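Reading through the structure tokens given below for one structure.
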Amino acid sequence: MKNLKKISKQKQRTYEGESDLNIENADMIICRCQEVTLKDIVQAIAEDATTVNEIKRRTRAGMGLCQGRSCSRLVRKILAEHTGQKFAKVIPGTFRPPVRPIALSTLASLEEDTDDKS
Amino acid sequence: MTNPDVVVIGGGIIGCCCAYYLAKQRLKVAIVEKGSICSEASKSCQGHLFLWELPAINIKLAKASKKLYEQLYNELDIDFELRNTGSMSIAEKPQDLETLQQTLNELRQAGVECQMLSAKEFIKTEPNVTRDISGGASFPEDGQLNPLLTTIALTQAVKKLGADIRHFTEVTGIELSADKSSIVAVETTKGKIGTKYVINAAGAWSGQIGRMVGINIPVVPRRGNLIVTEQVPDNIINCQIIIASGYLDSLKRENKTAVAANVQQTREGNLLLGSSREFAGFDKNVNPEVISLIVKRCIRFFPVLADLHTIRSWAGLRPYSPDMLPIISSSPIEGFYVASGHEGVGITMGPITGKLITQLITKQQLDLPVDQLSVERFAEKQ
Amino acid sequence: MRKTEFAIVGAGPAGLSAAIEAARAGVKVVLADENQRPGGQLFKQIHKFFGSEAHHAGVRGIDIGTMLLQQVSQQKNVEIMLDSVVWGIFRANTSHTLGVIHNSKNIHLKARKVLLATGATENVLAFPGWTLAGVMGAGAIQTLVNVHRVLPGKRVLMVGSGNVGLIVSYQLLQAGAEVVAIVEALPKIGGYAVHAGKVARTGVPILTSTTVKEVHGKDKVEKAVLVQIDKNWQPLTGTERELEVDVVCLACGLSPLAELAWITGCKFTDVPELGGHVPIHNENMETTVPGIYVAGDLAGIEEASTAIEEGRLVGIAVAEALGYLAAGEAKDKKTEISSRAEQLREGPFGIARKQAKEQLICRSLSE
């Protein structure tokens, strides 16, 4: 049981066809928050990701503090380039509240409704 | 393209697990998914392998499933972040401690490893927990994984085994033989797929698929909201899964809206704060009151959370079956199988569900008896 | 839970104008903005605007901002919530609830009508080294220079020759920085000739068909490598040149800041002339979600002057929908505003936007 935890930390994510991938600026960071590189994103596309959401689930691009505010457009561009979709047709990933990071104490500070007629 | 032997409807954890074990039996499988792989309940959850949800049959399924995950961890190419985290439960008030003690007695009889903890013992393990608790329990067998990577790992493996993954393809109908006794084809928004076997793993939508063949599957969506924090150090909580008393109560069907405190830390360091249960149809929007209540209750137990930031919240639809037991079943229609209704334990029970469905189809010896899980238990309600 | 008739998100030119018009008709308005002062980007605009007199030509953006603030402060029906982040928007039967953070409190504000006037976000460009300190957006630099009076560095490379790139270059020069070059990937300068001329006369080279290949530096920008590109955007080897710079300013265009609009579930369409995905809206600026309106850059990247007209249009439309204006009166006002907005969309730069806007409204009819 204990071993599993250890292996889990050592085992790295491996991708299909990793060695075949030859792209320029492969190590360029695309998502700063999660340090996702161009190579990571192109690999996800090579594994059939066709949307920003799918790339996010595979690579964590856009899962960080800024929630893709700066990288989403770059990811869309890379998707368009590597899948042949038109850039304008690649829609951004799903947006969810909160649109800015907020302190948990603040989120919890909502007054419970006592009078809805106010 | 040649016709597949089996069409799996739904690309969540259940569908992916079914596809994996079927493909390993050299059956030709197609997964048909209306969105992308892992885009509904499976992507909306905490990834908790929950090994102490009664009744006993659930515990048997969960334990067998956990063993299968350990095998999958070695078989699959992607590290899906499986960890033996164990879990802990907090008893808030003295009466919660009593209830917990009774639950533990039942759990032990069902074969669950578990231990009661005094407040002092609990606080020693979790220094950040509020002093205002009555005690708790620990469940060393529980685990955690990353559901997104797990489904991706499974789909990659099934692709290698020759399966066909048709995402963004919605099932619009199922064609039966003239005497309505067997499957002929699955109709989709992208054409008809001839097949003899269909597995309904459509989660909250499995009732709609059932209606296409006239089988009553009273599974309805039960919404859950989650809040995720920024990445934080791993000493906020020491056990990565901590659930406060009130959770088991929140599972009960009488509650139209129920909120519990359930704090879990992913391997990447984000905290996932849950949980809630609401019957709100297919509306997947976050309920702003509910997320505030969840966070409030989590801070009640871990005041240290107050200063952390949330970066996102979301809601997903659990496939709720009225008796809180999953459906792992053949059906009166030859070739039509149901793998649904797992409510909050879909991730936990994914592999065993896939394995049992495969054993049903291939007529092999079953790892566990499934009579209690048959879809026919709902037949009289038709 | 607080309630109001009309909630506006964003106190820039569109939001302020909508508040003024709606309140004048008698509507109760709450105007929320995440900044400490209202006015949006207007207070960064220290240059004079173009256009006809009706559109404040010759007036500086900052003065238009002051004028709008003055007008809004005269309206007793408008409550302005500053330092207030609208973090989410939720459907509540026929109305909408905004989640607002104000003074570290989570407030639910229920409104019958909502205007999203959240503006735009700057596009980034990725090249090796783009994450180094010293690579900044033009908006951030404008705030530093024009609002806080701080120079971001000494030697600046401007990327993009649209109006923003040209104006910010000129403002940097005025503030005492050296603009080493302006690069433009397209074969011709993007912005108005007036702005380009002003910058060119100071001796700043504007290099067209050129892009940033990479940026080097240990902890911050020290050097930029430029390269010429052909008409297929492919770099021409051998044309690389190095520039010693400590700031790379990205002025690569704006996109509508549409997060809240996406959360409402309203339908979008992609319109390159308007900066990308914009919410489909009708002639009242109402989206496909009833009661949710958009105006300003969120409804398509244009200018402060068009944002003002669109905001006013929403103000009138909301007042009408809530019964504060009779149909006839509203119609007259809307016609007048629309014709002013039309005039703003004339000329070589405006015509494409005008057509795009017309198509957008046509689409809304089929939704």
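As shown in the structure tokens, the chain order sets the letters A, B, ...; within each chain, residues go from 1, and ligands are also counted from 1 in the order they appear.
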
* **chain C contacts to chain A at 9 Å (only C-alpha atoms) as a ChimeraX atom specification** => /C:1-3,85-89,99,101,103-108,121-131,259-260,262-263,269-272,276-277

* **region 149-314 of chain B: residues DSSP assigns to strand (DSSP E), reported as a ChimeraX atom specification** => /B:164-166,171-176,183-188,191-194,197-200,220-231,241-244,257-265,270-278,309-314

* Asked: Using only C-alpha atoms, which residues sit within 9 Å of Leu61 (chain B) once same-chain residues fewer than 3 positions away are excluded, as a PyMOL selection string?
  -> chain B and resi 51+56-58+64-66+348-349+352-353+368

Residues of the last selection are to be written out with N, CA and C atoms, as a short mmCIF file (atom, residue, chain, number, x, y, z; two decimals), in the first residue's frame.
data_model
loop_
_atom_site.label_atom_id
_atom_site.label_comp_id
_atom_site.auth_asym_id
_atom_site.auth_seq_id
_atom_site.Cartn_x
_atom_site.Cartn_y
_atom_site.Cartn_z
N LEU B 51 -14.65 3.87 0.32
CA LEU B 51 -14.85 2.44 0.59
C LEU B 51 -15.76 2.15 1.78
N ALA B 56 -23.71 -3.38 2.51
CA ALA B 56 -22.55 -4.25 2.33
C ALA B 56 -22.18 -4.46 0.86
N ILE B 57 -23.19 -4.56 0.00
CA ILE B 57 -22.90 -4.81 -1.42
C ILE B 57 -22.04 -3.67 -2.01
N ASN B 58 -22.35 -2.44 -1.60
CA ASN B 58 -21.56 -1.30 -2.07
C ASN B 58 -20.10 -1.43 -1.62
N ALA B 64 -13.44 -4.30 -4.31
CA ALA B 64 -12.97 -5.01 -5.50
C ALA B 64 -12.46 -4.00 -6.53
N SER B 65 -13.16 -2.87 -6.61
CA SER B 65 -12.81 -1.85 -7.58
C SER B 65 -11.45 -1.24 -7.26
N LYS B 66 -11.22 -1.00 -5.99
CA LYS B 66 -9.93 -0.42 -5.59
C LYS B 66 -8.77 -1.33 -6.01
N THR B 348 -15.37 5.47 -7.74
CA THR B 348 -15.01 4.33 -6.90
C THR B 348 -15.32 3.01 -7.60
N MET B 349 -16.49 2.91 -8.19
CA MET B 349 -16.95 1.61 -8.69
C MET B 349 -16.72 1.41 -10.19
N ILE B 352 -14.85 -2.10 -11.26
CA ILE B 352 -15.61 -3.33 -10.99
C ILE B 352 -16.87 -3.37 -11.87
N THR B 353 -17.44 -2.21 -12.13
CA THR B 353 -18.61 -2.16 -13.00
C THR B 353 -18.23 -2.63 -14.41
N LEU B 368 -18.46 -10.91 -8.52
CA LEU B 368 -19.40 -10.70 -7.42
C LEU B 368 -20.82 -10.93 -7.94
#

* Leaving out region 1-12 of chain B and any residue of its chain fewer than 5 positions from it, which residues lie within 6 Å of it when counting only C-alpha atoms, given as JSON, numbers by chain? -> {"B": [28, 29, 30, 31, 32, 33, 37, 38, 42, 194, 195, 197, 198, 199, 200, 201, 202]}

Sorted by chain and rising residue number, which residues of chain B lie within 6 Å of chain A, and what are their closest atom pairs and distances in Å to one decimal, counting only C-alpha atoms, as a Markdown table?
| residue | atom | partner | partner_atom | distance |
| --- | --- | --- | --- | --- |
| B:Ile78 | CA | A:Arg13 | CA | 5.3 |
| B:Asp79 | CA | A:Arg13 | CA | 5.4 |
| B:Arg83 | CA | A:Lys5 | CA | 5.3 |
| B:Leu148 | CA | A:Arg57 | CA | 5.9 |
| B:Ser292 | CA | A:Ala108 | CA | 4.6 |
| B:Val295 | CA | A:Ala108 | CA | 5.5 |
| B:Lys296 | CA | A:Ala108 | CA | 4.8 |
| B:Ala306 | CA | A:Ser105 | CA | 4.4 |
| B:Asp307 | CA | A:Ala103 | CA | 5.7 |
| B:Leu308 | CA | A:Ala103 | CA | 5.6 |
| B:His309 | CA | A:Ala103 | CA | 4.2 |
| B:Thr310 | CA | A:Ile102 | CA | 5.4 |
| B:Ile311 | CA | A:Pro101 | CA | 4.6 |
| B:Arg312 | CA | A:Pro98 | CA | 5.6 |
| B:Ser313 | CA | A:Pro97 | CA | 5.9 |

Produce a file of the selected residues containing N, CA, C and O atoms, as an mmCIF file, in the first residue's frame.
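Saved as result_35.cif:
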data_model
loop_
_atom_site.group_PDB
_atom_site.id
_atom_site.type_symbol
_atom_site.label_atom_id
_atom_site.label_comp_id
_atom_site.auth_asym_id
_atom_site.auth_seq_id
_atom_site.Cartn_x
_atom_site.Cartn_y
_atom_site.Cartn_z
ATOM 1 N N ILE B 78 -0.542 6.159 -18.554
ATOM 2 C CA ILE B 78 -0.528 7.494 -17.939
ATOM 3 C C ILE B 78 -0.663 7.369 -16.426
ATOM 4 O O ILE B 78 -1.474 6.599 -15.923
ATOM 5 N N ASP B 79 0.133 8.135 -15.715
ATOM 6 C CA ASP B 79 0.038 8.193 -14.262
ATOM 7 C C ASP B 79 -1.223 8.956 -13.895
ATOM 8 O O ASP B 79 -1.283 10.173 -14.029
ATOM 9 N N ARG B 83 -3.577 7.275 -5.342
ATOM 10 C CA ARG B 83 -2.865 7.324 -4.061
ATOM 11 C C ARG B 83 -3.683 6.655 -2.966
ATOM 12 O O ARG B 83 -4.901 6.757 -2.933
ATOM 13 N N LEU B 148 -9.821 12.919 -14.404
ATOM 14 C CA LEU B 148 -9.578 13.380 -15.780
ATOM 15 C C LEU B 148 -8.523 12.489 -16.418
ATOM 16 O O LEU B 148 -8.697 11.971 -17.527
ATOM 17 N N SER B 292 -21.637 28.931 -1.050
ATOM 18 C CA SER B 292 -21.303 29.692 0.160
ATOM 19 C C SER B 292 -21.479 28.837 1.408
ATOM 20 O O SER B 292 -20.656 28.876 2.323
ATOM 21 N N VAL B 295 -18.621 26.280 1.722
ATOM 22 C CA VAL B 295 -17.367 26.899 2.174
ATOM 23 C C VAL B 295 -17.473 27.285 3.643
ATOM 24 O O VAL B 295 -16.544 27.076 4.430
ATOM 25 N N LYS B 296 -18.610 27.806 4.024
ATOM 26 C CA LYS B 296 -18.830 28.190 5.422
ATOM 27 C C LYS B 296 -18.620 26.986 6.336
ATOM 28 O O LYS B 296 -17.949 27.067 7.359
ATOM 29 N N ALA B 306 -9.980 30.004 5.692
ATOM 30 C CA ALA B 306 -10.579 31.323 5.468
ATOM 31 C C ALA B 306 -9.742 32.201 4.546
ATOM 32 O O ALA B 306 -10.272 32.922 3.704
ATOM 33 N N ASP B 307 -8.424 32.158 4.698
ATOM 34 C CA ASP B 307 -7.555 33.060 3.943
ATOM 35 C C ASP B 307 -7.141 32.518 2.571
ATOM 36 O O ASP B 307 -6.478 33.215 1.811
ATOM 37 N N LEU B 308 -7.502 31.288 2.279
ATOM 38 C CA LEU B 308 -7.149 30.736 0.959
ATOM 39 C C LEU B 308 -8.128 31.277 -0.085
ATOM 40 O O LEU B 308 -9.208 31.751 0.243
ATOM 41 N N HIS B 309 -7.727 31.162 -1.334
ATOM 42 C CA HIS B 309 -8.575 31.692 -2.407
ATOM 43 C C HIS B 309 -9.181 30.588 -3.252
ATOM 44 O O HIS B 309 -8.537 29.587 -3.539
ATOM 45 N N THR B 310 -10.406 30.811 -3.658
ATOM 46 C CA THR B 310 -11.010 29.902 -4.617
ATOM 47 C C THR B 310 -10.791 30.482 -6.017
ATOM 48 O O THR B 310 -10.833 31.692 -6.220
ATOM 49 N N ILE B 311 -10.526 29.587 -6.964
ATOM 50 C CA ILE B 311 -10.311 30.036 -8.338
ATOM 51 C C ILE B 311 -11.436 29.589 -9.269
ATOM 52 O O ILE B 311 -11.554 30.080 -10.386
ATOM 53 N N ARG B 312 -12.254 28.655 -8.800
ATOM 54 C CA ARG B 312 -13.285 28.129 -9.698
ATOM 55 C C ARG B 312 -14.304 27.329 -8.889
ATOM 56 O O ARG B 312 -13.956 26.728 -7.867
ATOM 57 N N SER B 313 -15.506 27.322 -9.377
ATOM 58 C CA SER B 313 -16.510 26.426 -8.801
ATOM 59 C C SER B 313 -17.257 25.800 -9.970
ATOM 60 O O SER B 313 -17.199 26.319 -11.086
#

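Residue nearest chain B within the list C:Ala200, C:Leu98, C:Leu115, C:Ala295: C:Leu98 [criterion: smallest interatomic distance, only C-alpha atoms].
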
* Asked: region 32-262 of chain C: which residues are helix (DSSP H, G or I) by DSSP, as a VMD selection string?
  -> chain C and resid 40 to 44 53 to 55 61 to 73 138 to 147 163 to 175 193 to 200 259 to 262

* To do: Kindly indicate which residue among C:Val100, C:Ala299, C:Val135, C:Ala327 lies nearest to chain B, using only C-alpha atoms for the distances.
  => C:Val100

* Asked: What separation in Å, quoted to one decimal, exists between CA of Ala193 (chain C) and CA of Ile167 (chain C)?
  -> 11.5 Å
